[in-house]
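Q: mmCIF, C-alpha atoms, saved as run-v3.cif, coming up:
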data_structure
loop_
_atom_site.label_atom_id
_atom_site.label_comp_id
_atom_site.auth_asym_id
_atom_site.auth_seq_id
_atom_site.Cartn_x
_atom_site.Cartn_y
_atom_site.Cartn_z
CA MET A 24 171.29 93.40 71.36
CA ASN A 25 171.07 96.83 73.06
CA LYS A 26 169.40 98.18 69.94
CA ILE A 27 166.74 95.45 70.10
CA LEU A 28 166.06 96.16 73.80
CA PHE A 29 165.76 99.88 73.05
CA LEU A 30 163.14 99.27 70.35
CA PHE A 31 161.27 96.92 72.68
CA TRP A 32 160.99 99.61 75.39
CA ILE A 33 159.90 102.22 72.85
CA CYS A 34 157.05 99.95 71.63
CA LEU A 35 156.03 99.09 75.18
CA SER A 36 155.96 102.77 76.20
CA GLY A 37 153.82 103.63 73.17
CA CYS A 38 151.30 100.95 74.07
CA LEU A 39 151.02 102.24 77.64
CA LEU A 40 150.52 105.85 76.49
CA SER A 41 147.89 105.02 73.87
CA SER A 42 145.90 102.93 76.33
CA CYS A 43 145.02 106.09 78.31
CA TYR A 44 142.49 106.95 75.56
CA ASP A 45 140.76 103.58 75.35
CA GLU A 46 137.04 103.59 76.05
CA SER A 47 137.74 101.32 79.03
CA ASN A 48 140.89 102.25 80.89
CA LYS A 49 142.80 102.12 84.18
CA TYR A 50 144.40 105.43 85.09
CA GLY A 51 148.06 105.68 86.09
CA ASN A 52 148.87 101.98 86.19
CA GLY A 53 146.89 101.49 89.40
CA LEU A 54 147.62 104.89 91.01
CA VAL A 55 143.98 105.99 90.43
CA ASP A 56 141.28 103.48 91.30
CA SER A 57 138.86 104.23 88.45
CA VAL A 58 138.08 103.41 84.86
CA PHE A 59 135.96 105.30 82.36
CA ARG A 60 133.82 104.71 79.32
CA ASN A 61 132.79 107.22 76.63
CA ILE A 62 129.12 106.86 75.61
CA SER A 63 127.34 108.51 72.67
CA THR A 64 123.54 108.44 72.41
CA ASP A 65 120.84 110.18 70.39
CA THR A 66 117.76 108.54 71.93
CA SER A 67 117.26 110.81 74.96
CA THR A 68 113.65 111.72 75.72
CA VAL A 69 112.58 115.28 74.88
CA VAL A 70 109.06 116.28 75.97
CA ILE A 71 107.52 118.92 73.67
CA THR A 72 104.68 121.28 74.66
CA SER A 73 103.36 124.09 72.45
CA VAL A 74 102.41 127.22 74.42
CA LEU A 75 100.27 130.14 73.23
CA ILE A 76 101.27 133.58 74.47
CA ASP A 77 98.27 135.46 75.90
CA SER A 78 98.69 138.36 73.42
CA LEU A 79 101.40 140.04 71.34
CA GLU A 80 102.23 143.74 71.33
CA THR A 81 101.71 144.94 67.75
CA SER A 82 101.50 148.72 68.30
CA GLY A 83 104.38 151.01 67.46
CA THR A 84 106.27 148.39 65.43
CA GLY A 85 106.48 150.55 62.31
CA VAL A 86 104.70 147.81 60.34
CA ALA A 87 101.10 147.01 59.42
CA LEU A 88 100.33 143.39 58.50
CA ILE A 89 97.37 143.08 56.13
CA GLY A 90 96.05 140.01 54.35
CA GLU A 91 94.90 136.43 54.78
CA TYR A 92 96.76 133.12 54.57
CA THR A 93 95.87 129.48 55.22
CA HIS A 94 98.57 127.21 56.66
CA SER A 95 98.55 123.54 55.67
CA LEU A 96 98.10 122.41 59.30
CA TRP A 97 97.19 125.30 61.56
CA GLY A 98 94.30 127.12 59.88
CA THR A 99 93.70 130.61 58.50
CA MET A 100 95.31 133.83 59.68
CA LYS A 101 93.66 137.16 58.87
CA SER A 102 95.42 140.41 59.72
CA THR A 103 93.86 143.89 59.71
CA GLY A 104 95.75 147.20 59.95
CA TYR A 105 94.52 150.04 62.20
CA ILE A 106 96.15 153.36 61.23
CA PRO A 107 95.44 156.64 63.06
CA TYR A 108 97.09 159.80 61.69
CA THR A 109 98.79 162.83 63.16
CA ARG A 110 97.80 166.38 62.26
CA PRO A 111 99.78 167.85 59.36
CA THR A 112 100.83 171.51 59.07
CA TYR A 113 98.66 173.50 56.65
CA SER A 114 100.19 176.75 55.37
CA THR A 115 98.08 177.94 52.40
CA ASP A 116 96.83 181.45 53.08
CA ILE A 117 93.16 181.64 53.96
CA SER A 118 92.63 184.37 51.35
CA LYS A 119 93.48 181.96 48.54
CA THR A 120 90.92 179.83 46.72
CA VAL A 121 91.73 176.12 46.86
CA VAL A 122 90.32 173.22 44.85
CA LEU A 123 90.50 169.52 45.75
CA ASP A 124 92.21 167.17 43.28
CA SER A 125 92.17 163.85 45.18
CA LEU A 126 92.68 162.08 48.49
CA ILE A 127 95.02 159.08 48.20
CA LEU A 128 95.96 156.41 50.72
CA SER A 129 99.56 155.56 49.82
CA LEU A 130 101.07 152.42 51.39
CA SER A 131 104.76 151.54 51.13
CA TYR A 132 105.48 147.81 50.94
CA GLY A 133 107.63 146.29 53.67
CA SER A 134 110.23 143.58 53.17
CA TYR A 135 108.13 140.75 54.60
CA CYS A 136 105.34 138.82 52.91
CA LEU A 137 103.73 135.42 53.39
CA GLY A 138 101.98 133.38 50.74
CA ASP A 139 101.46 133.51 46.99
CA THR A 140 101.90 137.12 45.87
CA LEU A 141 101.20 136.18 42.25
CA GLN A 142 97.49 135.95 43.12
CA TYR A 143 95.18 138.95 43.24
CA GLN A 144 94.54 140.53 46.62
CA GLN A 145 91.73 142.90 47.63
CA PHE A 146 91.66 145.45 50.45
CA SER A 147 88.81 147.59 51.69
CA VAL A 148 89.31 150.78 53.72
CA TYR A 149 86.98 151.80 56.55
CA GLN A 150 86.89 154.95 58.65
CA LEU A 151 87.37 154.59 62.39
CA THR A 152 84.53 155.82 64.59
CA GLU A 153 86.40 155.25 67.85
CA LYS A 154 89.65 156.97 68.75
CA VAL A 155 92.58 154.57 69.08
CA LEU A 156 94.05 154.82 72.57
CA LEU A 157 96.86 152.80 74.08
CA ASN A 158 96.13 150.60 77.07
CA ASP A 159 97.28 151.73 80.52
CA ASN A 160 100.53 149.83 79.98
CA GLY A 161 101.25 151.78 76.79
CA TYR A 162 100.56 149.00 74.25
CA LEU A 163 97.98 147.57 71.87
CA TYR A 164 97.89 143.90 70.94
CA ASN A 165 97.04 141.45 68.18
CA THR A 166 93.73 140.98 70.04
CA SER A 167 92.91 144.73 70.32
CA SER A 168 90.15 146.31 68.22
CA PHE A 169 88.21 149.59 67.82
CA THR A 170 84.89 150.34 66.12
CA TYR A 171 84.67 151.57 62.53
CA ASP A 172 81.93 152.50 60.08
CA PRO A 173 80.75 149.32 58.29
CA THR A 174 80.56 151.10 54.93
CA PRO A 175 83.94 151.11 53.14
CA ILE A 176 85.36 154.44 51.97
CA GLY A 177 87.68 152.80 49.42
CA SER A 178 88.78 149.49 47.97
CA CYS A 179 91.47 148.12 45.69
CA ARG A 180 92.00 144.85 43.81
CA PHE A 181 95.64 144.35 42.89
CA LYS A 182 98.55 141.98 42.38
CA PRO A 183 101.09 142.60 45.17
CA ARG A 184 104.53 143.91 44.22
CA PRO A 185 106.31 143.78 47.57
CA LEU A 186 109.86 143.65 46.19
CA ALA A 187 109.49 146.10 43.33
CA GLY A 188 109.80 149.25 45.45
CA ASN A 189 106.31 150.41 44.41
CA ARG A 190 103.54 151.74 46.59
CA LEU A 191 99.97 150.56 46.82
CA GLU A 192 97.64 153.52 46.26
CA ILE A 193 93.93 153.55 47.08
CA ARG A 194 91.75 156.51 46.19
CA LEU A 195 89.48 157.70 48.99
CA PRO A 196 86.17 159.60 48.52
CA ASP A 197 86.30 163.19 47.28
CA GLU A 198 83.68 164.00 49.90
CA LEU A 199 86.13 163.09 52.69
CA GLY A 200 88.95 164.96 50.95
CA GLN A 201 86.83 168.09 50.45
CA ASN A 202 85.70 168.02 54.06
CA LEU A 203 89.29 167.87 55.33
CA LEU A 204 90.52 170.54 52.88
CA THR A 205 87.73 172.95 53.77
CA ARG A 206 88.24 172.57 57.52
CA PHE A 207 92.03 173.01 57.30
CA HIS A 208 91.76 175.99 54.93
CA GLU A 209 89.20 177.72 57.15
CA ARG A 210 91.22 176.93 60.30
CA ASP A 211 88.31 175.04 61.81
CA GLU A 212 88.79 174.23 65.50
CA ALA A 213 87.73 170.63 64.76
CA VAL A 214 91.10 170.04 63.05
CA SER A 215 93.22 172.02 65.49
CA SER A 216 96.27 170.38 67.09
CA GLU A 217 94.29 169.54 70.21
CA ARG A 218 91.22 168.11 68.45
CA PHE A 219 92.32 166.62 65.12
CA GLU A 220 92.66 162.99 66.25
CA ASN A 221 89.21 163.18 67.84
CA TYR A 222 87.75 164.50 64.60
CA PHE A 223 89.51 162.21 62.13
CA LYS A 224 90.30 159.01 63.99
CA GLY A 225 92.03 157.18 61.16
CA VAL A 226 91.35 154.18 58.94
CA VAL A 227 91.16 150.40 59.12
CA ILE A 228 92.43 148.34 56.18
CA VAL A 229 90.77 144.93 55.89
CA PRO A 230 91.47 142.06 53.47
CA ASP A 231 88.11 141.08 51.98
CA ASN A 232 88.93 138.62 49.23
CA PRO A 233 87.77 135.11 50.26
CA ASP A 234 90.36 133.63 47.90
CA SER A 235 93.21 135.67 49.39
CA HIS A 236 96.51 133.79 49.58
CA SER A 237 98.95 136.26 51.10
CA ILE A 238 99.71 138.56 54.00
CA LEU A 239 101.70 141.72 53.21
CA SER A 240 103.66 144.10 55.39
CA PHE A 241 103.56 147.87 54.96
CA GLN A 242 106.00 150.34 56.44
CA LEU A 243 104.47 152.97 58.70
CA ALA A 244 107.53 154.66 60.17
CA ASP A 245 107.64 158.43 59.57
CA THR A 246 106.13 159.12 56.13
CA MET A 247 106.67 155.71 54.54
CA SER A 248 102.90 155.23 54.24
CA THR A 249 100.68 158.28 54.22
CA MET A 250 97.31 159.72 53.36
CA VAL A 251 97.91 162.50 50.84
CA LEU A 252 95.42 165.28 50.06
CA HIS A 253 96.18 166.77 46.63
CA TYR A 254 94.82 170.25 45.86
CA HIS A 255 95.67 173.34 43.84
CA ILE A 256 95.39 177.06 44.27
CA ILE A 257 93.38 178.99 41.69
CA GLY A 258 95.20 181.80 39.89
CA GLU A 259 98.78 180.61 40.50
CA GLU A 260 101.11 178.94 37.97
CA SER A 261 102.92 176.49 40.31
CA ASN A 262 99.89 175.69 42.32
CA GLU A 263 99.86 171.94 42.90
CA GLN A 264 99.85 171.36 46.65
CA GLU A 265 99.94 168.38 49.02
CA LEU A 266 98.74 167.97 52.58
CA VAL A 267 100.43 164.84 53.94
CA PHE A 268 98.93 162.94 56.86
CA ALA A 269 101.57 160.73 58.51
CA PRO A 270 100.66 157.64 60.56
CA ASN A 271 100.71 157.92 64.33
CA THR A 272 103.76 155.76 64.95
CA SER A 273 102.79 154.93 68.55
CA THR A 274 99.12 153.96 68.17
CA HIS A 275 98.97 152.05 64.87
CA PHE A 276 98.64 148.26 65.32
CA SER A 277 97.68 145.00 63.61
CA HIS A 278 94.65 143.00 64.74
CA ILE A 279 94.95 139.28 64.01
CA ASP A 280 92.24 136.62 63.83
CA HIS A 281 93.00 132.89 63.72
CA ASP A 282 90.40 130.46 62.38
CA ARG A 283 91.35 126.97 63.66
CA SER A 284 88.30 125.21 62.27
CA GLY A 285 89.12 121.68 61.16
CA THR A 286 92.61 121.73 62.70
CA LEU A 287 94.06 119.85 65.67
CA MET A 288 94.03 123.15 67.61
CA GLU A 289 90.27 123.66 67.22
CA PRO A 290 89.21 122.15 70.59
CA TYR A 291 91.56 124.35 72.60
CA PRO A 292 91.06 127.89 73.99
CA ALA A 293 92.23 130.90 71.98
CA LYS A 294 94.71 131.98 74.68
CA ASP A 295 96.49 130.77 77.83
CA VAL A 296 96.80 127.23 76.50
CA GLU A 297 99.51 124.56 76.53
CA ILE A 298 99.17 121.63 74.14
CA PRO A 299 101.35 118.51 74.46
CA SER A 300 102.86 117.23 71.22
CA LYS A 301 100.81 114.03 71.44
CA ALA A 302 97.61 116.09 70.99
CA LEU A 303 99.06 117.67 67.82
CA ASP A 304 99.98 114.35 66.19
CA ASN A 305 103.44 114.41 67.77
CA ARG A 306 104.28 117.99 66.78
CA GLY A 307 105.53 121.21 68.27
CA VAL A 308 104.96 124.61 66.69
CA LEU A 309 106.39 128.14 66.60
CA PHE A 310 104.23 130.84 65.00
CA GLY A 311 104.83 134.56 64.76
CA GLY A 312 101.79 136.85 64.74
CA LEU A 313 99.76 134.21 66.61
CA GLY A 314 102.24 133.85 69.47
CA TRP A 315 103.10 130.14 69.68
CA PHE A 316 106.37 128.97 71.23
CA THR A 317 107.53 125.53 72.43
CA ARG A 318 108.72 124.23 75.79
CA LEU A 319 111.32 121.44 75.77
CA GLU A 320 111.81 119.25 78.84
CA PHE A 321 114.28 116.47 79.58
CA PRO A 322 112.66 114.38 82.34
CA HIS A 323 115.01 111.38 82.20
CA LEU A 324 118.36 113.13 81.91
CA ASN A 325 119.38 112.07 85.43
CA ASN A 326 119.02 108.39 84.51
CA ILE A 327 122.52 108.41 83.03
CA MET A 328 123.87 109.10 86.52
CA LYS A 329 122.96 105.53 87.48
CA LEU A 330 125.43 104.10 84.99
CA GLY A 331 128.57 104.65 87.07
CA GLU A 332 130.20 106.23 90.11
CA ARG A 333 130.42 109.57 88.28
CA VAL A 334 129.01 110.79 84.96
CA VAL A 335 130.24 113.87 83.09
CA ILE A 336 128.55 115.28 79.98
CA GLU A 337 131.19 116.04 77.38
CA SER A 338 128.92 117.57 74.72
CA ALA A 339 125.23 117.96 73.90
CA MET A 340 123.73 118.95 70.53
CA LEU A 341 120.04 119.52 69.88
CA LYS A 342 118.64 119.02 66.35
CA LEU A 343 115.14 119.96 65.17
CA TYR A 344 113.82 118.86 61.78
CA PRO A 345 111.04 121.05 60.25
CA GLU A 346 108.21 118.88 59.00
CA LEU A 347 108.05 118.48 55.23
CA GLY A 348 104.99 120.13 53.72
CA THR A 349 104.78 122.84 56.41
CA TYR A 350 107.22 125.22 54.74
CA SER A 351 107.96 126.29 51.17
CA ASP A 352 109.26 129.18 49.09
CA ILE A 353 106.12 131.17 49.92
CA ASN A 354 106.22 130.19 53.61
CA ALA A 355 109.95 130.25 54.28
CA LEU A 356 111.51 128.89 57.46
CA PRO A 357 112.81 131.43 60.01
CA ASP A 358 116.49 132.19 59.54
CA SER A 359 117.08 131.77 63.28
CA ILE A 360 115.28 130.43 66.33
CA TYR A 361 116.39 130.77 69.93
CA LEU A 362 116.50 128.87 73.21
CA TYR A 363 115.87 130.44 76.61
CA ILE A 364 116.17 128.76 80.00
CA ALA A 365 113.10 128.80 82.25
CA ASP A 366 112.28 127.55 85.75
CA GLU A 367 109.41 125.30 86.83
CA ASN A 368 107.00 128.29 86.62
CA ASN A 369 108.08 129.02 83.01
CA VAL A 370 109.84 132.20 84.16
CA VAL A 371 112.86 132.84 81.94
CA THR A 372 116.06 132.92 83.98
CA ASP A 373 118.74 132.88 81.28
CA ALA A 374 119.45 132.02 77.66
CA VAL A 375 121.40 129.40 75.78
CA LYS A 376 124.29 131.59 74.65
CA ASP A 377 126.94 131.45 71.96
CA TYR A 378 130.41 130.05 72.53
CA LEU A 379 131.60 133.43 73.85
CA GLY A 380 128.79 133.48 76.38
CA SER A 381 127.82 137.02 75.41
CA GLU A 382 124.83 136.67 73.07
CA VAL A 383 121.78 134.46 72.78
CA GLN A 384 122.62 131.53 70.51
CA GLY A 385 120.63 131.50 67.27
CA GLY A 386 119.87 127.98 66.11
CA THR A 387 121.84 127.37 62.94
CA LEU A 388 119.66 126.41 59.96
CA VAL A 389 121.19 123.73 57.73
CA LYS A 390 119.26 123.45 54.44
CA ASP A 391 118.97 120.41 52.23
CA ASN A 392 118.11 122.22 48.99
CA VAL A 393 118.20 119.04 46.90
CA TYR A 394 115.90 116.59 48.67
CA ASN A 395 114.60 118.70 51.60
CA GLU A 396 114.87 115.57 53.76
CA ASN A 397 117.77 116.65 55.92
CA THR A 398 116.96 120.28 56.70
CA TYR A 399 117.40 121.03 60.39
CA TYR A 400 118.29 123.55 63.08
CA TYR A 401 120.94 122.71 65.63
CA PHE A 402 122.04 124.13 68.99
CA ASP A 403 125.03 123.47 71.20
CA VAL A 404 123.36 122.91 74.59
CA THR A 405 126.39 121.46 76.37
CA ASP A 406 126.55 124.10 79.12
CA PHE A 407 122.83 123.78 79.86
CA MET A 408 122.93 119.98 80.06
CA GLN A 409 126.05 120.02 82.25
CA GLN A 410 124.35 122.37 84.70
CA GLU A 411 121.05 120.50 84.57
CA LEU A 412 122.50 117.04 85.23
CA GLY A 413 121.73 116.03 88.81
CA THR A 414 119.14 118.74 89.53
CA ILE A 415 115.77 117.72 90.98
CA GLY A 416 112.46 119.32 91.99
CA ILE A 417 112.27 123.10 91.90
CA ASN A 418 115.87 123.30 90.72
CA LYS A 419 115.12 121.70 87.35
CA HIS A 420 114.80 123.87 84.26
CA ASN A 421 113.29 123.61 80.80
CA LEU A 422 114.15 125.21 77.49
CA GLN A 423 111.83 127.56 75.64
CA LEU A 424 112.18 127.51 71.86
CA VAL A 425 111.14 130.90 70.46
CA LEU A 426 111.39 133.30 67.54
CA ASN A 427 112.91 136.72 68.06
CA GLU A 428 110.64 139.59 69.13
CA ASP A 429 110.37 141.19 65.69
CA SER A 430 109.36 137.87 64.12
CA TYR A 431 106.54 137.51 66.65
CA THR A 432 105.18 141.06 66.31
CA GLN A 433 105.95 141.90 62.66
CA THR A 434 105.66 138.58 60.79
CA PHE A 435 103.92 135.22 60.59
CA LYS A 436 107.14 133.23 60.40
CA ASN A 437 106.55 129.68 61.59
CA MET A 438 108.13 126.29 62.08
CA THR A 439 106.55 122.89 62.78
CA PHE A 440 108.68 119.99 63.99
CA GLY A 441 108.23 116.51 65.46
CA ASP A 442 108.77 114.78 68.80
CA ARG A 443 110.49 111.40 69.26
CA GLN A 444 107.44 109.54 67.87
CA SER A 445 107.30 111.50 64.61
CA LYS A 446 108.75 110.68 61.20
CA SER A 447 111.50 113.29 61.69
CA PRO A 448 112.11 113.21 65.43
CA ILE A 449 113.87 115.84 67.50
CA VAL A 450 117.33 114.60 68.44
CA LEU A 451 119.38 115.26 71.57
CA GLN A 452 122.88 113.98 70.90
CA LEU A 453 124.76 113.36 74.15
CA ILE A 454 128.36 112.33 74.59
CA TYR A 455 129.15 111.60 78.22
CA LYS A 456 131.89 109.92 80.20
CA ILE A 457 131.19 107.30 82.89
CA TYR A 458 133.74 106.80 85.67
CA GLU A 459 133.58 103.54 87.57
CA SER A 460 135.34 102.07 90.61
CA TYR A 461 136.96 98.68 90.35
#
Starting from the coordinates I provided, produce the structure as C-alpha cells.
A:
Amino acid sequence: MNKILFLFWICLSGCLLSSCYDESNKYGNGLVDSVFRNISTDTSTVVITSVLIDSLETSGTGVALIGEYTHSLWGTMKSTGYIPYTRPTYSTDISKTVVLDSLILSLSYGSYCLGDTLQYQQFSVYQLTEKVLLNDNGYLYNTSSFTYDPTPIGSCRFKPRPLAGNRLEIRLPDELGQNLLTRFHERDEAVSSERFENYFKGVVIVPDNPDSHSILSFQLADTMSTMVLHYHIIGEESNEQELVFAPNTSTHFSHIDHDRSGTLMEPYPAKDVEIPSKALDNRGVLFGGLGWFTRLEFPHLNNIMKLGERVVIESAMLKLYPELGTYSDINALPDSIYLYIADENNVVTDAVKDYLGSEVQGGTLVKDNVYNENTYYYFDVTDFMQQELGTIGINKHNLQLVLNEDSYTQTFKNMTFGDRQSKSPIVLQLIYKIYESY
C-alpha cells in the first residue's frame, strides 16, 4: 500500500512541475497572481521605403567601373572611368637618340563584373581637357564629371576575360606617344613634376556599344593598370625601354548614369528621393553604384502590448525574399546585407549586431539552388524589437537595410524584395509572452 501511495505522489508531483510550461499557467500554485501565454506570429506589418543616397564617393577606391547593363526592373546603368596619371621618372640620358615603339593603355581586370561577359564589349578612350580636382571635402562622386575632347584617341572591341588574369590593352595614337617621349627626353618644363598633371590631364574610358551587356571592374591601385610608353635607344643592344604612367590613386573616379525610362522609378527625381513600396509595385530595392537603400518601419509593434498586463518579446527574426527574375548567375545576389538603427530623422544611431554584440550583423543568405523559391536573407532582430517595444514619438526608431560601403562604391550589387502585399512578402517572425492578471 505504501508503494502505491509513493507512486501516486510521484505522478502528482510530475504533473505539477510540467504544468509550469503550459501556454496558459498559474505560477506557484497561487503564490503569484498571473498567468502567461506564448504567442508566435509572422503577420506583423513592415513598412518599406526605398531611399536614394544623394551621391556616392567613387574616388580613390582603387577600382574603375566601366560598361553598361540593363536591369530587368530598374533600367540601364552606364559607368565611365576617369583616370588621371602621375608623373613617371624618366632616366634616359639626353645625349641618346630615342625612338617611339608604341603607347599602350593597359588595364588589369578586377574581381567584380556584372552581366553577360560572353558578349562583345567596346570601349573608347578620350583625352581629358580639364584637370581632375577633388572637391573641397576631398572626394569625387558618381555624379562628378570633367570635360574631355570629343574625338576618341583609341578604341577596342573585345570579349571580356575578367577571371583569366589577363589585361585589356588599347593602343593609343603614336602622335600622343611621340609628343610625350620628346618632352620627357628633352626635359621640357611642361612635363616637370610641378606641371605634368596640368599638361597631360589623363583619360576617360567610355563604353560605346549600344548592345553592351556588362559592367567590368579594373584595378587602379599602384601599377595594376597603367599607360605604358614603349621606346628604344638607337645604337644599344639591350635598348628596349618603358616609361610607365601610374594612375593617380586619389583622383581617379567612376561617373555613373542611370536611365530610368520606362521603369517605375521614371517619375521620381534623380536624387534626394524616398519611394514607398506601393509606388514600386510593392517592392523595396538595394542598389550599389546607384546608391539605393531601404528603410524598414514597424508602426504597429506596440499593438501587442494591449493583449495583456505585460508583454515580453522572446525572439524576433526578419526574413527577406529576393524577387525571382531580379537576380541570376550574371547578376548575383550580395553575399551579405546589413541593418542599421536610425532615429526619426534617419540619422544612424547604432547597428543590429551579432550575438557577441561586437560587429554589425550580416544578413545570412540561405539559397534554394534547386527551385529558387525559398531563397532568403534572415536577421536576428530580437534586441532591437525588445528595445523598441513601448517607445513612442521621437523615441521610435527604424531599420536601414544597406549594402556594405565597398559594394556601394565599387560594384552594382543589388537586391529587390517585396512588402507584405507581394508574392514573396517580407516576414517578421515574433515570439512573445503575454502575462495576465486573474
Q: Pick out the closest residue to Phe316 (chain A) from this set: A:Lys436, A:His275, A:Arg218, A:Arg206. Count only C-alpha atoms.
A: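 Going through A:Lys436, A:His275, A:Arg218, A:Arg206 one by one, the smallest distance to Phe316 (chain A) is for A:Lys436.
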Q: Need the shell around Thr99 (chain A): protein/DNA/RNA residues with any atom at most 9 Å away, counting all atoms listed in the file. Skip same-chain ones fewer than 5 positions apart. Format as a PDB file with C-alpha atoms, in the frame of the given file?
A:
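In the end it all went to result_23.pdb:
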ATOM      1  CA  GLU A  91      94.900 136.430  54.780  1.00  0.00           C
ATOM      2  CA  TYR A  92      96.760 133.120  54.570  1.00  0.00           C
ATOM      3  CA  THR A  93      95.870 129.480  55.220  1.00  0.00           C
ATOM      4  CA  HIS A  94      98.570 127.210  56.660  1.00  0.00           C
ATOM      5  CA  ASP A 280      92.240 136.620  63.830  1.00  0.00           C
ATOM      6  CA  HIS A 281      93.000 132.890  63.720  1.00  0.00           C
ATOM      7  CA  ASP A 282      90.400 130.460  62.380  1.00  0.00           C
ATOM      8  CA  ARG A 283      91.350 126.970  63.660  1.00  0.00           C
ATOM      9  CA  SER A 284      88.300 125.210  62.270  1.00  0.00           C
TER      10      SER A 284
END
Q: The PyMOL selection byres ((chain A and resi 158-173) around 10) on the file shown: which residues, as an MDAnalysis selection string?
A: chainID A and resid 77:83 102:103 105 148:157 174:176 224:227 273:280 312:314 432
Q: If we count all atoms listed in the file and set the cut-off at 7 Å, which residues sit around region 139-143 of chain A, ignoring sequence neighbours fewer than 2 positions away in its own chain? Please answer as a PyMOL selection string.
A: chain A and resi 145+180-183+236-237+353
Q: How many Å separate CA of Asn397 (chain A) from CA of Ile298 (chain A)?
A: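 Rounded to one decimal, the two atoms are 26.5 Å apart.
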Q: If we count only C-alpha atoms and set the cut-off at 6 Å, which residues sit around region 116-128 of chain A, ignoring sequence neighbours fewer than 5 positions away in its own chain? Please answer as a PyMOL selection string.
A: chain A and resi 192-195+200+208+250-257
Q: Using all atoms listed in the file, which of the listed residues (A:Ile364, A:Met438, A:Ala244, A:Ala339) sits closest to Val450 (chain A)?
A: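 Of the candidates, the smallest distance to Val450 (chain A) is held by A:Ala339.
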Q: Of the residues A:Phe207, A:Phe146, A:Phe321, A:Phe241, which is the one nearest to Gly133 (chain A), using only C-alpha atoms?
A: A:Phe241
Q: Could you list, as a PyMOL selection string, every residue matched by the PyMOL selection byres ((chain A and resi 389) around 10) in this structure?
A: chain A and resi 344+358+386-388+390-392+397-401
Q: Provide the CA of Phe268 (chain A) to CA of Gly188 (chain A) distance in Å, to one decimal place.
A: 20.9 Å
Q: For each of A:Leu379, A:Pro196, A:Met247, A:Glu346, take the minimum atom-to-atom distance to Ser129 (chain A), counting all atoms listed in the file, then give the residue where this is smallest.
A: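 Of the candidates, the smallest distance to Ser129 (chain A) is held by A:Met247.
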Q: Do you know which residues lie at most 7 Å from (99.6, 150.2, 53.2), with coordinates as in the file and all atoms listed in the file counted, and could you write them as a ChimeraX atom specification?
A: /A:129-132,191,241,248
Q: Would you export the selected residues with C-alpha atoms as a short mmCIF file (atom, residue, chain, number, x, y, z; two decimals), in the frame of the given file, please?
A:
data_model
loop_
_atom_site.label_atom_id
_atom_site.label_comp_id
_atom_site.auth_asym_id
_atom_site.auth_seq_id
_atom_site.Cartn_x
_atom_site.Cartn_y
_atom_site.Cartn_z
CA SER A 129 99.56 155.56 49.82
CA LEU A 130 101.07 152.42 51.39
CA SER A 131 104.76 151.54 51.13
CA TYR A 132 105.48 147.81 50.94
CA LEU A 191 99.97 150.56 46.82
CA PHE A 241 103.56 147.87 54.96
CA SER A 248 102.90 155.23 54.24
#
Q: For each of A:Leu453, A:Val69, A:Leu75, A:Leu88, take the minimum atom-to-atom distance to Gln242 (chain A), counting all atoms listed in the file, then give the residue where this is smallest.
A: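 Selected residue with least distance to Gln242 (chain A): A:Leu88.
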Q: What is the CA of Ser351 (chain A)-CA of Gln444 (chain A) distance in Å, reported with one decimal?
A: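 According to the coordinates, CA of Ser351 (chain A) and CA of Gln444 (chain A) are separated by 23.7 Å.
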Q: Kindly indicate which residue among A:His420, A:Lys446, A:Lys294, A:Arg60 lies nearest to Pro322 (chain A), using only C-alpha atoms for the distances.
A: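 Of A:His420, A:Lys446, A:Lys294, A:Arg60, the one nearest Pro322 (chain A), counting only C-alpha atoms, is A:His420.
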Q: Name the residues that the PyMOL selection byres ((chain A and resi 110) around 7) pulls out of this structure, and write them as a list in words.
A: Tyr108, Thr109, Pro111, Thr112, Ser216, Phe219 and Phe268 of chain A
